[in-house]
Amino acid sequence: MNPFEELESNVRYYCRRWPAVFSSASGSTITDENGVEYLDFFAGAGALSYGHNNPILVDVAIEHLRAGKLLHSLDTFTVEKRRFLEAMQRYVLDPRQLDMVIQTVGPTGATAVEAALQLAQRITGNRAVVGFEGSYHGMTYRAASISASMAGRATSAHLKDFVALPYVANVTDDDVKLLKDTLRATVDGQKIGAVIIEPTQGEGGARPFDPAYLRTIREECSQLGILVIADEVQAGVGRTGPFFSFEGSSLDPDIVCLSKSISGLGLPMAINLVRRSLDTWAPGEFSGTFRGNNLAFATSAAMLENYWADSELEKGTEQRGLLVRDALQHMADDYGRGRFAVRGNGLLCGLDVGSTEVAETIAQGSFERRLIVETCGAGDTTVKLLTPIIIEEDELLDGLDRLNDAVAHAV
């Protein structure tokens, strides 16, 4: 009997794309049960930005387990939570002058989005939400309902109190007018309570928004009393270079949703950063059993202390990102015949080949060359790269060579 075929639900997905039985991993390499090594340019959909089994963080986790420390603690006070909160303040909040509190919300990014939406409705009294084409915010009911990239799926449930504006790469007067008109309108009889945006879209095609447009969103929402929610679940925690992908844009969000790589080790963890003046929750109003993953608190604090005490990681990510974009541009020039486009920021990059079939052929050809990549964007026409941000340069160049070969054979 094949237990995967016989016992696992039809909903399984990634195993269909990469039909290997994996058994171990280190850094940017994942190994199957037959000893075949693959370069991982997907990194757990961005949850493994600091690599598989990062030795610094593994040591912290092992010490935590062997010492008999708390693993599960609801939201009680613990030594690990204190260290994590202090690290967030020292390495993330204070350097960016963010007067925010930290809300533990459960283990997933979708839960963080649900909490953000509930708080926005609680504060403004308005339920309607403005989002953007190509957005993805999670699989829970409300998060899925505002994920425009899921429109048309049988599992999506797009509600009447949500409107998706176009993605904006280079803002125009028409874009600004549409934004202003939409924010002042009602949606299914409801006023707008929140704008939710991924400053750099992941599933939407590795697409950064124009910083000038992000600034306009902030200005308009401030005038109207609408909350700005930045979904940094995939693009945050250093993936685009800075800790947040909105840095330098003046978006200045009221709520920031973080998950995926926030634990540093790929452990389930999610938090919201909430502007202190908006922290109007009543005790226990938004609860959850798994808000106290102390193992994740411990590894997250260690990740912050080891990688965010200076600017070296940020600079390295930006440099590696330039290497990736340069390599992708060569592929576009050599094989695209004007049809390919390079997308992204930092180490959230993509090659839009304009064809679902071609993108899929490239992804499958990459796997045959022992390279793991995924597709994204409208129609899944973009080959997306999410390498660990601590990847060694020789591994990065090796993987890009494999991708180049896959592209060459696909067109």
# chains A, B, ... in the order shown; residues from 1 in each chain; ligands from 1

$ residues_around --residues "region 109-111 of chain A" --least-positions-apart "6" --cutoff "10 Å" --atoms "only C-alpha atoms" --output "JSON, numbers by chain"
{"A": [117, 136, 137, 138, 139, 140, 141, 142, 143, 144, 231, 232, 233, 234, 257, 258, 259, 260, 268, 269, 270, 271, 272, 288]}

$ write_last_selection --atoms "C-alpha atoms" --output "PDB file, in the first residue's frame"
ATOM      1  CA  LEU A 117      -9.957  42.586  10.193  1.00  0.00           C
ATOM      2  CA  TYR A 136      -3.623  36.384  -1.098  1.00  0.00           C
ATOM      3  CA  HIS A 137      -4.326  36.578   2.638  1.00  0.00           C
ATOM      4  CA  GLY A 138      -5.001  33.007   3.748  1.00  0.00           C
ATOM      5  CA  MET A 139      -7.429  30.091   3.648  1.00  0.00           C
ATOM      6  CA  THR A 140      -9.774  30.813   6.559  1.00  0.00           C
ATOM      7  CA  TYR A 141     -13.218  32.039   5.536  1.00  0.00           C
ATOM      8  CA  ARG A 142     -12.817  35.785   5.917  1.00  0.00           C
ATOM      9  CA  ALA A 143      -9.164  35.839   4.830  1.00  0.00           C
ATOM     10  CA  ALA A 144     -10.053  33.838   1.716  1.00  0.00           C
ATOM     11  CA  ASP A 231       0.043  41.794   5.179  1.00  0.00           C
ATOM     12  CA  GLU A 232       3.760  41.035   5.535  1.00  0.00           C
ATOM     13  CA  VAL A 233       3.284  37.297   6.009  1.00  0.00           C
ATOM     14  CA  GLN A 234       5.356  36.297   2.976  1.00  0.00           C
ATOM     15  CA  CYS A 257       0.474  40.840  10.021  1.00  0.00           C
ATOM     16  CA  LEU A 258       3.516  38.569  10.383  1.00  0.00           C
ATOM     17  CA  SER A 259       3.895  34.792  10.199  1.00  0.00           C
ATOM     18  CA  LYS A 260       5.867  32.303   8.070  1.00  0.00           C
ATOM     19  CA  PRO A 268       4.056  27.678  13.511  1.00  0.00           C
ATOM     20  CA  MET A 269       3.845  31.242  14.751  1.00  0.00           C
ATOM     21  CA  ALA A 270       1.979  34.434  13.868  1.00  0.00           C
ATOM     22  CA  ILE A 271       1.687  37.871  15.412  1.00  0.00           C
ATOM     23  CA  ASN A 272       0.141  41.228  14.686  1.00  0.00           C
ATOM     24  CA  GLY A 288      -6.794  30.953  20.777  1.00  0.00           C
TER      25      GLY A 288
END

$ residues_around --residues "Phe209 (chain A)" --least-positions-apart "4" --cutoff "8 Å" --atoms "only C-alpha atoms" --output "PyMOL selection string"
chain A and resi 167-170+199-201+213-214

$ write_last_selection --atoms "C-alpha atoms" --output "PDB file, in the first residue's frame"
ATOM      1  CA  TYR A 167      -2.462  46.316  -8.709  1.00  0.00           C
ATOM      2  CA  VAL A 168      -0.398  49.492  -9.219  1.00  0.00           C
ATOM      3  CA  ALA A 169       3.206  49.261 -10.395  1.00  0.00           C
ATOM      4  CA  ASN A 170       3.491  52.895 -11.495  1.00  0.00           C
ATOM      5  CA  PRO A 199       3.283  45.895  -0.212  1.00  0.00           C
ATOM      6  CA  THR A 200       5.055  43.241  -2.280  1.00  0.00           C
ATOM      7  CA  GLN A 201       2.656  40.595  -3.513  1.00  0.00           C
ATOM      8  CA  TYR A 213       0.861  54.708  -4.284  1.00  0.00           C
ATOM      9  CA  LEU A 214       1.429  53.246  -0.815  1.00  0.00           C
TER      10      LEU A 214
END

$ residues_around --residues "region 373-382 of chain A" --least-positions-apart "3" --cutoff "6 Å" --atoms "only C-alpha atoms" --output "NGL selection string"
:A and (41-42 or 203-205 or 350-356 or 359 or 363)

$ select_by_dssp --residues "region 250-408 of chain A" --states "alpha helix (DSSP H)" --output "PDB file with N, CA and C atoms, in the first residue's frame"
ATOM      1  N   ASN A 294       6.138  28.527  22.934  1.00  0.00           N
ATOM      2  CA  ASN A 294       7.371  29.036  23.533  1.00  0.00           C
ATOM      3  C   ASN A 294       8.621  28.600  22.791  1.00  0.00           C
ATOM      4  N   LEU A 295       8.581  27.457  22.127  1.00  0.00           N
ATOM      5  CA  LEU A 295       9.716  27.044  21.310  1.00  0.00           C
ATOM      6  C   LEU A 295       9.922  28.054  20.179  1.00  0.00           C
ATOM      7  N   ALA A 296       8.826  28.505  19.578  1.00  0.00           N
ATOM      8  CA  ALA A 296       8.916  29.506  18.511  1.00  0.00           C
ATOM      9  C   ALA A 296       9.357  30.859  19.060  1.00  0.00           C
ATOM     10  N   PHE A 297       8.893  31.226  20.253  1.00  0.00           N
ATOM     11  CA  PHE A 297       9.373  32.468  20.864  1.00  0.00           C
ATOM     12  C   PHE A 297      10.894  32.432  21.025  1.00  0.00           C
ATOM     13  N   ALA A 298      11.395  31.283  21.478  1.00  0.00           N
ATOM     14  CA  ALA A 298      12.836  31.157  21.730  1.00  0.00           C
ATOM     15  C   ALA A 298      13.639  31.265  20.438  1.00  0.00           C
ATOM     16  N   THR A 299      13.214  30.548  19.396  1.00  0.00           N
ATOM     17  CA  THR A 299      13.965  30.597  18.138  1.00  0.00           C
ATOM     18  C   THR A 299      13.807  31.944  17.452  1.00  0.00           C
ATOM     19  N   SER A 300      12.638  32.569  17.579  1.00  0.00           N
ATOM     20  CA  SER A 300      12.432  33.887  16.974  1.00  0.00           C
ATOM     21  C   SER A 300      13.343  34.919  17.618  1.00  0.00           C
ATOM     22  N   ALA A 301      13.421  34.905  18.947  1.00  0.00           N
ATOM     23  CA  ALA A 301      14.309  35.858  19.638  1.00  0.00           C
ATOM     24  C   ALA A 301      15.752  35.663  19.196  1.00  0.00           C
ATOM     25  N   ALA A 302      16.165  34.401  19.072  1.00  0.00           N
ATOM     26  CA  ALA A 302      17.537  34.123  18.633  1.00  0.00           C
ATOM     27  C   ALA A 302      17.767  34.591  17.205  1.00  0.00           C
ATOM     28  N   MET A 303      16.756  34.414  16.349  1.00  0.00           N
ATOM     29  CA  MET A 303      16.877  34.898  14.970  1.00  0.00           C
ATOM     30  C   MET A 303      17.065  36.406  14.946  1.00  0.00           C
ATOM     31  N   LEU A 304      16.265  37.126  15.726  1.00  0.00           N
ATOM     32  CA  LEU A 304      16.371  38.583  15.756  1.00  0.00           C
ATOM     33  C   LEU A 304      17.725  39.031  16.301  1.00  0.00           C
ATOM     34  N   GLU A 305      18.171  38.389  17.369  1.00  0.00           N
ATOM     35  CA  GLU A 305      19.431  38.762  18.007  1.00  0.00           C
ATOM     36  C   GLU A 305      20.630  38.491  17.111  1.00  0.00           C
ATOM     37  N   ASN A 306      20.566  37.418  16.335  1.00  0.00           N
ATOM     38  CA  ASN A 306      21.714  37.013  15.521  1.00  0.00           C
ATOM     39  C   ASN A 306      21.749  37.685  14.152  1.00  0.00           C
ATOM     40  N   TYR A 307      20.568  38.036  13.597  1.00  0.00           N
ATOM     41  CA  TYR A 307      20.546  38.526  12.223  1.00  0.00           C
ATOM     42  C   TYR A 307      20.120  39.985  12.080  1.00  0.00           C
ATOM     43  N   GLU A 312      23.933  43.848   8.195  1.00  0.00           N
ATOM     44  CA  GLU A 312      24.634  42.946   7.277  1.00  0.00           C
ATOM     45  C   GLU A 312      23.682  42.042   6.504  1.00  0.00           C
ATOM     46  N   LEU A 313      22.688  41.469   7.176  1.00  0.00           N
ATOM     47  CA  LEU A 313      21.746  40.585   6.482  1.00  0.00           C
ATOM     48  C   LEU A 313      20.964  41.356   5.433  1.00  0.00           C
ATOM     49  N   GLU A 314      20.481  42.525   5.790  1.00  0.00           N
ATOM     50  CA  GLU A 314      19.720  43.339   4.842  1.00  0.00           C
ATOM     51  C   GLU A 314      20.544  43.654   3.597  1.00  0.00           C
ATOM     52  N   LYS A 315      21.795  44.049   3.797  1.00  0.00           N
ATOM     53  CA  LYS A 315      22.663  44.340   2.656  1.00  0.00           C
ATOM     54  C   LYS A 315      22.901  43.093   1.813  1.00  0.00           C
ATOM     55  N   GLY A 316      23.122  41.958   2.478  1.00  0.00           N
ATOM     56  CA  GLY A 316      23.356  40.712   1.757  1.00  0.00           C
ATOM     57  C   GLY A 316      22.160  40.294   0.934  1.00  0.00           C
ATOM     58  N   THR A 317      20.962  40.469   1.494  1.00  0.00           N
ATOM     59  CA  THR A 317      19.743  40.112   0.763  1.00  0.00           C
ATOM     60  C   THR A 317      19.575  40.997  -0.467  1.00  0.00           C
ATOM     61  N   GLU A 318      19.847  42.265  -0.312  1.00  0.00           N
ATOM     62  CA  GLU A 318      19.742  43.180  -1.455  1.00  0.00           C
ATOM     63  C   GLU A 318      20.748  42.813  -2.546  1.00  0.00           C
ATOM     64  N   GLN A 319      21.975  42.445  -2.145  1.00  0.00           N
ATOM     65  CA  GLN A 319      22.997  42.064  -3.128  1.00  0.00           C
ATOM     66  C   GLN A 319      22.610  40.773  -3.840  1.00  0.00           C
ATOM     67  N   ARG A 320      22.139  39.792  -3.074  1.00  0.00           N
ATOM     68  CA  ARG A 320      21.718  38.535  -3.703  1.00  0.00           C
ATOM     69  C   ARG A 320      20.505  38.762  -4.606  1.00  0.00           C
ATOM     70  N   GLY A 321      19.641  39.656  -4.187  1.00  0.00           N
ATOM     71  CA  GLY A 321      18.495  39.978  -5.018  1.00  0.00           C
ATOM     72  C   GLY A 321      18.894  40.563  -6.360  1.00  0.00           C
ATOM     73  N   LEU A 322      19.924  41.397  -6.342  1.00  0.00           N
ATOM     74  CA  LEU A 322      20.418  41.956  -7.599  1.00  0.00           C
ATOM     75  C   LEU A 322      20.980  40.866  -8.507  1.00  0.00           C
ATOM     76  N   LEU A 323      21.673  39.882  -7.914  1.00  0.00           N
ATOM     77  CA  LEU A 323      22.174  38.751  -8.702  1.00  0.00           C
ATOM     78  C   LEU A 323      21.030  37.992  -9.356  1.00  0.00           C
ATOM     79  N   VAL A 324      19.972  37.766  -8.573  1.00  0.00           N
ATOM     80  CA  VAL A 324      18.830  37.026  -9.106  1.00  0.00           C
ATOM     81  C   VAL A 324      18.162  37.805 -10.224  1.00  0.00           C
ATOM     82  N   ARG A 325      17.916  39.076  -9.986  1.00  0.00           N
ATOM     83  CA  ARG A 325      17.235  39.868 -11.006  1.00  0.00           C
ATOM     84  C   ARG A 325      18.076  39.992 -12.276  1.00  0.00           C
ATOM     85  N   ASP A 326      19.388  40.096 -12.126  1.00  0.00           N
ATOM     86  CA  ASP A 326      20.271  40.165 -13.288  1.00  0.00           C
ATOM     87  C   ASP A 326      20.205  38.860 -14.084  1.00  0.00           C
ATOM     88  N   ALA A 327      20.216  37.719 -13.356  1.00  0.00           N
ATOM     89  CA  ALA A 327      20.132  36.423 -14.034  1.00  0.00           C
ATOM     90  C   ALA A 327      18.790  36.256 -14.733  1.00  0.00           C
ATOM     91  N   LEU A 328      17.710  36.673 -14.057  1.00  0.00           N
ATOM     92  CA  LEU A 328      16.382  36.563 -14.667  1.00  0.00           C
ATOM     93  C   LEU A 328      16.265  37.467 -15.888  1.00  0.00           C
ATOM     94  N   GLN A 329      16.897  38.642 -15.821  1.00  0.00           N
ATOM     95  CA  GLN A 329      16.842  39.549 -16.965  1.00  0.00           C
ATOM     96  C   GLN A 329      17.580  38.952 -18.163  1.00  0.00           C
ATOM     97  N   HIS A 330      18.702  38.286 -17.907  1.00  0.00           N
ATOM     98  CA  HIS A 330      19.407  37.600 -18.998  1.00  0.00           C
ATOM     99  C   HIS A 330      18.525  36.515 -19.611  1.00  0.00           C
ATOM    100  N   MET A 331      17.782  35.789 -18.782  1.00  0.00           N
ATOM    101  CA  MET A 331      16.876  34.766 -19.310  1.00  0.00           C
ATOM    102  C   MET A 331      15.779  35.412 -20.146  1.00  0.00           C
ATOM    103  N   ALA A 332      15.246  36.534 -19.661  1.00  0.00           N
ATOM    104  CA  ALA A 332      14.211  37.239 -20.410  1.00  0.00           C
ATOM    105  C   ALA A 332      14.749  37.719 -21.755  1.00  0.00           C
ATOM    106  N   ASP A 333      15.974  38.258 -21.741  1.00  0.00           N
ATOM    107  CA  ASP A 333      16.568  38.767 -22.978  1.00  0.00           C
ATOM    108  C   ASP A 333      16.912  37.639 -23.939  1.00  0.00           C
ATOM    109  N   ASP A 334      17.437  36.527 -23.401  1.00  0.00           N
ATOM    110  CA  ASP A 334      17.914  35.435 -24.256  1.00  0.00           C
ATOM    111  C   ASP A 334      16.788  34.589 -24.821  1.00  0.00           C
ATOM    112  N   TYR A 335      15.712  34.387 -24.028  1.00  0.00           N
ATOM    113  CA  TYR A 335      14.690  33.417 -24.427  1.00  0.00           C
ATOM    114  C   TYR A 335      13.289  34.011 -24.570  1.00  0.00           C
ATOM    115  N   THR A 356       0.855  30.042 -18.982  1.00  0.00           N
ATOM    116  CA  THR A 356       0.715  29.034 -17.929  1.00  0.00           C
ATOM    117  C   THR A 356       1.489  27.773 -18.283  1.00  0.00           C
ATOM    118  N   GLU A 357       1.373  27.356 -19.534  1.00  0.00           N
ATOM    119  CA  GLU A 357       2.029  26.126 -19.972  1.00  0.00           C
ATOM    120  C   GLU A 357       3.548  26.241 -19.904  1.00  0.00           C
ATOM    121  N   VAL A 358       4.076  27.362 -20.352  1.00  0.00           N
ATOM    122  CA  VAL A 358       5.530  27.539 -20.334  1.00  0.00           C
ATOM    123  C   VAL A 358       6.042  27.603 -18.894  1.00  0.00           C
ATOM    124  N   ALA A 359       5.323  28.345 -18.038  1.00  0.00           N
ATOM    125  CA  ALA A 359       5.743  28.441 -16.638  1.00  0.00           C
ATOM    126  C   ALA A 359       5.739  27.073 -15.969  1.00  0.00           C
ATOM    127  N   GLU A 360       4.714  26.287 -16.253  1.00  0.00           N
ATOM    128  CA  GLU A 360       4.643  24.950 -15.670  1.00  0.00           C
ATOM    129  C   GLU A 360       5.761  24.058 -16.203  1.00  0.00           C
ATOM    130  N   THR A 361       6.058  24.185 -17.472  1.00  0.00           N
ATOM    131  CA  THR A 361       7.143  23.399 -18.061  1.00  0.00           C
ATOM    132  C   THR A 361       8.480  23.768 -17.420  1.00  0.00           C
ATOM    133  N   ILE A 362       8.680  25.051 -17.161  1.00  0.00           N
ATOM    134  CA  ILE A 362       9.914  25.496 -16.506  1.00  0.00           C
ATOM    135  C   ILE A 362       9.992  24.942 -15.091  1.00  0.00           C
ATOM    136  N   ALA A 363       8.882  25.009 -14.356  1.00  0.00           N
ATOM    137  CA  ALA A 363       8.874  24.500 -12.982  1.00  0.00           C
ATOM    138  C   ALA A 363       9.176  23.007 -12.945  1.00  0.00           C
ATOM    139  N   GLN A 364       8.562  22.267 -13.844  1.00  0.00           N
ATOM    140  CA  GLN A 364       8.804  20.821 -13.869  1.00  0.00           C
ATOM    141  C   GLN A 364      10.213  20.508 -14.365  1.00  0.00           C
ATOM    142  N   GLY A 365      10.691  21.283 -15.347  1.00  0.00           N
ATOM    143  CA  GLY A 365      12.055  21.101 -15.816  1.00  0.00           C
ATOM    144  C   GLY A 365      13.070  21.414 -14.734  1.00  0.00           C
ATOM    145  N   SER A 366      12.759  22.389 -13.895  1.00  0.00           N
ATOM    146  CA  SER A 366      13.641  22.719 -12.769  1.00  0.00           C
ATOM    147  C   SER A 366      13.717  21.556 -11.797  1.00  0.00           C
ATOM    148  N   PHE A 367      12.578  20.946 -11.504  1.00  0.00           N
ATOM    149  CA  PHE A 367      12.581  19.809 -10.585  1.00  0.00           C
ATOM    150  C   PHE A 367      13.414  18.657 -11.149  1.00  0.00           C
ATOM    151  N   GLU A 368      13.308  18.446 -12.446  1.00  0.00           N
ATOM    152  CA  GLU A 368      14.119  17.403 -13.078  1.00  0.00           C
ATOM    153  C   GLU A 368      15.608  17.710 -12.938  1.00  0.00           C
ATOM    154  N   GLU A 393      26.358  32.264  -1.910  1.00  0.00           N
ATOM    155  CA  GLU A 393      26.345  32.767  -3.279  1.00  0.00           C
ATOM    156  C   GLU A 393      26.588  31.668  -4.301  1.00  0.00           C
ATOM    157  N   ASP A 394      27.454  30.697  -3.985  1.00  0.00           N
ATOM    158  CA  ASP A 394      27.708  29.639  -4.952  1.00  0.00           C
ATOM    159  C   ASP A 394      26.465  28.766  -5.160  1.00  0.00           C
ATOM    160  N   GLU A 395      25.686  28.543  -4.100  1.00  0.00           N
ATOM    161  CA  GLU A 395      24.431  27.793  -4.244  1.00  0.00           C
ATOM    162  C   GLU A 395      23.428  28.590  -5.061  1.00  0.00           C
ATOM    163  N   LEU A 396      23.373  29.891  -4.822  1.00  0.00           N
ATOM    164  CA  LEU A 396      22.456  30.738  -5.570  1.00  0.00           C
ATOM    165  C   LEU A 396      22.776  30.704  -7.055  1.00  0.00           C
ATOM    166  N   LEU A 397      24.048  30.844  -7.397  1.00  0.00           N
ATOM    167  CA  LEU A 397      24.445  30.835  -8.809  1.00  0.00           C
ATOM    168  C   LEU A 397      24.219  29.476  -9.444  1.00  0.00           C
ATOM    169  N   ASP A 398      24.455  28.409  -8.668  1.00  0.00           N
ATOM    170  CA  ASP A 398      24.204  27.052  -9.163  1.00  0.00           C
ATOM    171  C   ASP A 398      22.723  26.890  -9.506  1.00  0.00           C
ATOM    172  N   GLY A 399      21.858  27.306  -8.598  1.00  0.00           N
ATOM    173  CA  GLY A 399      20.427  27.192  -8.843  1.00  0.00           C
ATOM    174  C   GLY A 399      19.968  28.018 -10.022  1.00  0.00           C
ATOM    175  N   LEU A 400      20.521  29.205 -10.166  1.00  0.00           N
ATOM    176  CA  LEU A 400      20.158  30.059 -11.296  1.00  0.00           C
ATOM    177  C   LEU A 400      20.607  29.441 -12.618  1.00  0.00           C
ATOM    178  N   ASP A 401      21.744  28.753 -12.607  1.00  0.00           N
ATOM    179  CA  ASP A 401      22.191  28.040 -13.813  1.00  0.00           C
ATOM    180  C   ASP A 401      21.204  26.921 -14.162  1.00  0.00           C
ATOM    181  N   ARG A 402      20.746  26.203 -13.152  1.00  0.00           N
ATOM    182  CA  ARG A 402      19.772  25.134 -13.402  1.00  0.00           C
ATOM    183  C   ARG A 402      18.465  25.712 -13.943  1.00  0.00           C
ATOM    184  N   LEU A 403      18.046  26.834 -13.366  1.00  0.00           N
ATOM    185  CA  LEU A 403      16.831  27.474 -13.859  1.00  0.00           C
ATOM    186  C   LEU A 403      17.012  27.940 -15.290  1.00  0.00           C
ATOM    187  N   ASN A 404      18.149  28.522 -15.605  1.00  0.00           N
ATOM    188  CA  ASN A 404      18.427  28.974 -16.965  1.00  0.00           C
ATOM    189  C   ASN A 404      18.328  27.811 -17.952  1.00  0.00           C
ATOM    190  N   ASP A 405      18.847  26.663 -17.561  1.00  0.00           N
ATOM    191  CA  ASP A 405      18.779  25.486 -18.438  1.00  0.00           C
ATOM    192  C   ASP A 405      17.330  25.038 -18.619  1.00  0.00           C
ATOM    193  N   ALA A 406      16.539  25.090 -17.535  1.00  0.00           N
ATOM    194  CA  ALA A 406      15.139  24.708 -17.634  1.00  0.00           C
ATOM    195  C   ALA A 406      14.369  25.664 -18.544  1.00  0.00           C
ATOM    196  N   VAL A 407      14.668  26.957 -18.439  1.00  0.00           N
ATOM    197  CA  VAL A 407      14.008  27.945 -19.285  1.00  0.00           C
ATOM    198  C   VAL A 407      14.386  27.722 -20.743  1.00  0.00           C
ATOM    199  N   ALA A 408      15.669  27.482 -20.987  1.00  0.00           N
ATOM    200  CA  ALA A 408      16.153  27.295 -22.353  1.00  0.00           C
ATOM    201  C   ALA A 408      15.470  26.110 -23.039  1.00  0.00           C
TER     202      ALA A 408
END

$ closest_residue --among "A:Asp279, A:Asp40, A:Asp75, A:Asp181" --to "Leu119 (chain A)" --atoms "only C-alpha atoms"
A:Asp279

$ residues_around --residues "Val195 (chain A)" --least-positions-apart "5" --cutoff "7 Å" --atoms "only C-alpha atoms" --output "PyMOL selection string"
chain A and resi 129-131+227-229

$ write_last_selection --atoms "N, CA and C atoms" --output "PDB file, in the first residue's frame"
ATOM      1  N   VAL A 129     -14.119  46.096   3.266  1.00  0.00           N
ATOM      2  CA  VAL A 129     -12.662  46.054   3.124  1.00  0.00           C
ATOM      3  C   VAL A 129     -12.278  46.306   1.674  1.00  0.00           C
ATOM      4  N   VAL A 130     -11.240  47.096   1.499  1.00  0.00           N
ATOM      5  CA  VAL A 130     -10.638  47.293   0.175  1.00  0.00           C
ATOM      6  C   VAL A 130      -9.332  46.506   0.117  1.00  0.00           C
ATOM      7  N   GLY A 131      -9.199  45.712  -0.925  1.00  0.00           N
ATOM      8  CA  GLY A 131      -7.963  44.975  -1.171  1.00  0.00           C
ATOM      9  C   GLY A 131      -7.512  45.194  -2.601  1.00  0.00           C
ATOM     10  N   LEU A 227      -8.482  52.134   8.596  1.00  0.00           N
ATOM     11  CA  LEU A 227      -7.243  51.495   9.034  1.00  0.00           C
ATOM     12  C   LEU A 227      -6.492  50.885   7.857  1.00  0.00           C
ATOM     13  N   VAL A 228      -5.174  50.962   7.919  1.00  0.00           N
ATOM     14  CA  VAL A 228      -4.306  50.345   6.914  1.00  0.00           C
ATOM     15  C   VAL A 228      -3.672  49.101   7.520  1.00  0.00           C
ATOM     16  N   ILE A 229      -3.908  47.962   6.876  1.00  0.00           N
ATOM     17  CA  ILE A 229      -3.352  46.680   7.314  1.00  0.00           C
ATOM     18  C   ILE A 229      -2.316  46.238   6.289  1.00  0.00           C
TER      19      ILE A 229
END

$ select_by_dssp --residues "region 134-302 of chain A" --states "strand (DSSP E)" --output "PyMOL selection string"
chain A and resi 162-165+186-187+190-197+200-201+207-208+227-231+255-258+270-275

$ residues_around --residues "Val171 (chain A)" --least-positions-apart "4" --cutoff "8 Å" --atoms "only C-alpha atoms" --output "list of chain:residue names"
A:Asp175, A:Val176, A:Asp210, A:Ala212, A:Tyr213

$ atom_distance --atom1 "CA of Asn126 (chain A)" --atom2 "CA of Leu165 (chain A)"
18.4 Å

$ atom_distance --atom1 "CA of Thr104 (chain A)" --atom2 "CA of Val256 (chain A)"
12.0 Å

$ residues_around --residues "Val21 (chain A)" --least-positions-apart "3" --cutoff "10 Å" --atoms "only C-alpha atoms" --output "CSV table (one decimal) with C-alpha atoms, in the first residue's frame"
chain,number,residue,atom,x,y,z
A,15,CYS,CA,3.7,16.6,-3.3
A,18,TRP,CA,7.6,17.5,-6.5
A,24,SER,CA,16.4,15.6,5.6
A,31,THR,CA,17.4,15.6,0.4
A,32,ASP,CA,15.0,12.7,-0.5
A,33,GLU,CA,15.0,9.2,1.0
A,34,ASN,CA,17.3,8.0,-1.8
